[in-house]
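S.K.: Structure incoming, see below.
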Amino acid sequence: MTTNSTLPPLQTGPAAWIGAEMAQRADEWQIELTAAEIAEVEATAARFLPAGGDKTADDATRIGAMTQRDFPLPTLGPKLLDLRRELLHGRGFALLRGLPVATYTEREAVTIFYGLGTHLGNARSQNAKGHILGHVRDLGVSSNNPNVRIYQTAERQTFHTDSTDVVGLLCLHPAKAGGLSLLVSAQTIFNELRRDHPDLLALLLQPIATDRRGEVPAGMLPYLLIPVFTWYQGYLTPFYQRQYIDSAQRFAEAPRLTDRHIAALDRFDELTNDPRLHFAMQLERGDMQFVYNHALLHDRTGFEDWPELERRRHLLRLWLSVPGDRPLHPEFATRFGTVEIGNRGGIVVPGTAFRVPWTHELTV
């Protein structure tokens with residue numbers, strides 16, 4: 001029988017927060033951009049934006065090749081460095097507000113968001129197509145298709161982690177209704193399980209099959225084998241997407257989920273969905289949310305969209321590998337490609353070419 005003495009220790013520190021309490025501390029995690037900071041960002045982005053004309057492949061190439069040195073921010077840059085420290089060593093998330101995206105073209109918004117991202121980390125591919133900047137939109141598809149990723153639908157995502165160190169979102173248009181962003185502390189979930197269900201927690205510290213949803217790197221299985229919780233070099237790191245764990249069972253060679261595994265996963269889900277433990281925020285136009293995947297899980301509620309195409313929910317997304325981050329167990333290399341700090345994460349399959357896409361190019 002599992003006892004607490006055989007499990008990793010109780011998790012403490014600023015990332016082990018309670019959602020109901022964190023929701024009351026918005027002044028700590030909401031950061032308003034100043035007029036001077038916005039002006040600085042816009043002026044720097046203008047260097048990458050030729051006057052007039054439509055978006056071109058050359059624009060995308062210039063943006064995708066951008067580095068922090070190419071996008072200097074002497075005023076805002078120190079604040080972004082503090083934000084990066086807060087992600088890695090603090091509460092694990094932050095919300096920047098005030099970017100006037102309603103006045104920007106898509107090219108301007110993409111350039112500014114990517115440029116800001118270079119101050120937090122290095123962009124990683126978000127899908128097999130090599131998108132180093134993603135567009136989160138409902139493409140009218142269903143996650144019942146095993147090759148569809150849930151962010152391409154209007155469905156609730158459920159609590160999960162992404163295959164990168166930090167995920168960033170810039171809201172260009174919110175939905176007509178719904179689409180709330182939810183966050184929960186993985187350390188708090190771990191502590192709850194450790195206290196009340198140590199036997200179930202022990203199962204979540206063992207490798208579990210997770211579906212790659214058709215995005216299979218060369219020489220890899222069509223599913224991953226990574227625990228829900230990994231304890232490595234003094235760090236507790238979550239890796240989770242319940243729908244993909246369930247759909248991995250379609251592969252006959254994948255390790256089977258036992259009744260006890262299902263009980264453990266069900267209890268994990270119950271805790272993430274406990275309104276005491278998680279909290280929600282609505283991303284408005286110009287909001288930029290950054291979330292640390294190695295400390296938190298995030299979710300998005302289902303939504304109803306606007307009938308007009310130009311008003312439909314649309315977020316830009318970055319997956320970032322962050323310098324100075326924690327070590328990851330070598331098993332993460334089967335998903336992250338490598339565990340090299342600052343150069344890990346993302347999805348690369350045979351034929352993947354890194355690129356920044358425009359909205360009109362989006363397909364499943």
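Naming scheme: A, B, ... for chains in displayed order of the structure tokens; residues 1 onward per chain; ligands 1 onward as shown.
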Going by DSSP on the backbone, which residues of segment 29-183 of chain A come out as strand (DSSP E or B)? List them as a PyMOL selection string.
M.R.: chain A and resi 30-32+93-97+122-123+131+134-136+160+166-173+177-178+181-183
S.K.: So that I can check the surroundings of segment 283-289 of chain A, please list as a list of chain:residue names every protein, DNA and RNA residue that reaches within 8 Å of it, counting only C-alpha atoms and ignoring chain neighbours fewer than 4 positions away.
M.R.: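 With the cut-off at 8 Å, the set is A:Phe93, A:Ala94, A:Leu95, A:Leu96, A:Arg97, A:Gly98, A:Leu99, A:Pro100, A:Val101, A:Ala102, A:Gly168, A:Leu169, A:Leu170, A:Cys171, A:Leu172, A:His173, A:Pro174, A:Leu180, A:Ser181.
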S.K.: Include C-alpha atoms and write out the residues we just selected as a short mmCIF file (atom, residue, chain, number, x, y, z; two decimals), in the first residue's frame.
M.R.:
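Result file again.cif:
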```
data_model
loop_
_atom_site.label_atom_id
_atom_site.label_comp_id
_atom_site.auth_asym_id
_atom_site.auth_seq_id
_atom_site.Cartn_x
_atom_site.Cartn_y
_atom_site.Cartn_z
CA PHE A 93 0.81 33.14 -14.85
CA ALA A 94 0.17 36.79 -15.64
CA LEU A 95 -2.21 38.94 -17.68
CA LEU A 96 -1.03 42.00 -19.62
CA ARG A 97 -3.82 44.42 -20.51
CA GLY A 98 -4.26 47.51 -22.65
CA LEU A 99 -2.84 46.66 -26.08
CA PRO A 100 -5.12 48.55 -28.55
CA VAL A 101 -5.56 45.67 -31.01
CA ALA A 102 -8.74 47.20 -32.45
CA GLY A 168 0.94 32.88 -24.47
CA LEU A 169 -2.38 34.14 -25.86
CA LEU A 170 -3.33 37.50 -27.34
CA CYS A 171 -7.06 38.08 -27.66
CA LEU A 172 -8.01 39.77 -30.93
CA HIS A 173 -11.74 39.02 -30.64
CA PRO A 174 -13.61 37.31 -27.78
CA LEU A 180 -13.62 31.72 -20.46
CA SER A 181 -10.01 30.95 -19.55
#
```
S.K.: Tell me which of A:Leu316, A:Val228, A:Ala209, A:Ala43 sits closest to Glu253 of chain A, counting only C-alpha atoms.
M.R.: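 Closest to Glu253 of chain A, using only C-alpha atoms: A:Ala209.
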S.K.: Let's see if you can do this: from backbone DSSP, list all alpha helix (DSSP H) residues in segment 15-224 of chain A, as a VMD selection string.
M.R.: chain A and resid 19 to 22 26 to 29 35 to 46 57 to 64 77 to 89 106 to 117 186 to 196 198 to 204
S.K.: Selected residues, C-alpha atoms, written as an mmCIF file, in the first residue's frame, please.
M.R.:
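Saved to selection26.cif:
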```
data_model
loop_
_atom_site.group_PDB
_atom_site.id
_atom_site.type_symbol
_atom_site.label_atom_id
_atom_site.label_comp_id
_atom_site.auth_asym_id
_atom_site.auth_seq_id
_atom_site.Cartn_x
_atom_site.Cartn_y
_atom_site.Cartn_z
ATOM 1 C CA GLY A 19 -8.175 29.447 -7.144
ATOM 2 C CA ALA A 20 -10.904 31.081 -5.076
ATOM 3 C CA GLU A 21 -8.224 33.059 -3.247
ATOM 4 C CA MET A 22 -6.210 33.917 -6.364
ATOM 5 C CA ALA A 26 -6.211 40.263 -9.476
ATOM 6 C CA ASP A 27 -4.179 43.364 -8.691
ATOM 7 C CA GLU A 28 -1.149 41.047 -8.354
ATOM 8 C CA TRP A 29 -1.449 39.322 -11.729
ATOM 9 C CA ALA A 35 0.960 54.601 -22.863
ATOM 10 C CA ALA A 36 4.758 54.875 -23.073
ATOM 11 C CA GLU A 37 5.170 51.081 -23.170
ATOM 12 C CA ILE A 38 2.550 50.722 -25.908
ATOM 13 C CA ALA A 39 4.173 53.491 -27.945
ATOM 14 C CA GLU A 40 7.547 51.762 -27.588
ATOM 15 C CA VAL A 41 6.144 48.416 -28.753
ATOM 16 C CA GLU A 42 4.405 49.982 -31.744
ATOM 17 C CA ALA A 43 7.499 51.940 -32.795
ATOM 18 C CA THR A 44 9.687 48.836 -32.580
ATOM 19 C CA ALA A 45 7.172 46.741 -34.529
ATOM 20 C CA ALA A 46 7.042 49.385 -37.269
ATOM 21 C CA ALA A 57 5.443 35.520 -47.288
ATOM 22 C CA ASP A 58 8.422 37.832 -46.774
ATOM 23 C CA ASP A 59 6.589 39.497 -43.865
ATOM 24 C CA ALA A 60 6.047 36.131 -42.218
ATOM 25 C CA THR A 61 9.680 35.165 -42.754
ATOM 26 C CA ARG A 62 10.928 38.374 -41.169
ATOM 27 C CA ILE A 63 8.628 37.977 -38.181
ATOM 28 C CA GLY A 64 9.501 34.303 -37.675
ATOM 29 C CA GLY A 77 11.780 44.877 -21.458
ATOM 30 C CA PRO A 78 12.654 44.883 -17.715
ATOM 31 C CA LYS A 79 8.973 44.395 -16.860
ATOM 32 C CA LEU A 80 8.842 41.401 -19.210
ATOM 33 C CA LEU A 81 11.941 39.957 -17.547
ATOM 34 C CA ASP A 82 10.189 40.257 -14.181
ATOM 35 C CA LEU A 83 7.149 38.566 -15.707
ATOM 36 C CA ARG A 84 9.337 35.682 -16.899
ATOM 37 C CA ARG A 85 10.677 35.206 -13.372
ATOM 38 C CA GLU A 86 7.117 35.214 -12.039
ATOM 39 C CA LEU A 87 6.135 32.515 -14.509
ATOM 40 C CA LEU A 88 9.052 30.231 -13.648
ATOM 41 C CA HIS A 89 9.398 30.861 -9.925
ATOM 42 C CA GLU A 106 -3.396 41.437 -38.440
ATOM 43 C CA ARG A 107 0.193 41.967 -39.557
ATOM 44 C CA GLU A 108 0.738 44.565 -36.822
ATOM 45 C CA ALA A 109 -0.829 42.398 -34.105
ATOM 46 C CA VAL A 110 1.216 39.358 -35.133
ATOM 47 C CA THR A 111 4.456 41.363 -35.211
ATOM 48 C CA ILE A 112 3.872 42.959 -31.815
ATOM 49 C CA PHE A 113 2.873 39.717 -30.105
ATOM 50 C CA TYR A 114 5.767 37.747 -31.566
ATOM 51 C CA GLY A 115 8.168 40.546 -30.660
ATOM 52 C CA LEU A 116 6.958 40.637 -27.063
ATOM 53 C CA GLY A 117 7.303 36.861 -26.933
ATOM 54 C CA ALA A 186 -0.950 21.495 -10.449
ATOM 55 C CA GLN A 187 0.823 21.617 -7.095
ATOM 56 C CA THR A 188 -2.469 22.153 -5.283
ATOM 57 C CA ILE A 189 -4.031 19.200 -7.124
ATOM 58 C CA PHE A 190 -1.016 17.089 -6.174
ATOM 59 C CA ASN A 191 -1.308 18.121 -2.515
ATOM 60 C CA GLU A 192 -5.016 17.257 -2.419
ATOM 61 C CA LEU A 193 -4.368 13.804 -3.894
ATOM 62 C CA ARG A 194 -1.391 13.220 -1.635
ATOM 63 C CA ARG A 195 -3.489 13.953 1.422
ATOM 64 C CA ASP A 196 -6.670 12.051 0.503
ATOM 65 C CA PRO A 198 -2.088 8.489 -2.034
ATOM 66 C CA ASP A 199 -2.778 5.175 -3.794
ATOM 67 C CA LEU A 200 -4.364 6.951 -6.755
ATOM 68 C CA LEU A 201 -1.603 9.553 -6.816
ATOM 69 C CA ALA A 202 1.004 6.783 -7.068
ATOM 70 C CA LEU A 203 -0.583 5.667 -10.356
ATOM 71 C CA LEU A 204 -0.365 9.189 -11.760
#
```
S.K.: Between atom CA of Thr161 of chain A and atom CA of Leu296 of chain A, what is the spacing in Å?
M.R.: 7.4 Å
S.K.: Atom CA of Ala123 of chain A and atom CA of Glu340 of chain A, how far apart in Å?
M.R.: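 These two atoms are separated by 14.1 Å.
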S.K.: Just how far from atom CA of Asn273 of chain A is atom CA of Asp162 of chain A, in Å to one decimal?
M.R.: 18.1 Å
S.K.: Would you kindly return, as a ChimeraX atom specification, each protein, DNA or RNA residue with an atom no farther than 8 Å from any atom of Arg137 of chain A, considering only C-alpha atoms and excluding same-chain residues fewer than 2 positions away?
M.R.: /A:135,139,151-154,312-315
S.K.: Give the answer as one residue: which of A:Leu320, A:Ala264, A:Ile347, A:Val184 has the shortest atom-to-atom distance to Ile208 of chain A, using only C-alpha atoms?
M.R.: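 Among the listed residues, the smallest separation from Ile208 of chain A belongs to A:Ala264.
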S.K.: Find the residue from A:Phe354, A:Phe251, A:Tyr292, A:Tyr223 that sits nearest to Val322 of chain A; use only C-alpha atoms when measuring.
M.R.: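 Comparing A:Phe354, A:Phe251, A:Tyr292, A:Tyr223 against Val322 of chain A, the winner is A:Tyr292.
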S.K.: Using only C-alpha atoms, which residue out of A:Pro357, A:Gly179, A:Pro255, A:Gly219 lies closest to Gln206 of chain A?
M.R.: A:Pro255
S.K.: Would you list the contacts of Pro207 of chain A as a list in words, taking every protein, DNA or RNA residue within 7 Å and counting only C-alpha atoms, but skipping same-chain residues closer than 3 positions in sequence?
M.R.: Leu225, Ile226 and Pro227 of chain A
S.K.: Counting only C-alpha atoms, figure out which residue out of A:Asn122, A:Glu310, A:Leu257, A:Thr272 gets nearest to Ile245 of chain A.
M.R.: A:Leu257
S.K.: Between A:Val348, A:Val291, A:Ala15, A:Ala333, which one has atoms that come closest to Gly90 of chain A, using only C-alpha atoms?
M.R.: A:Ala15
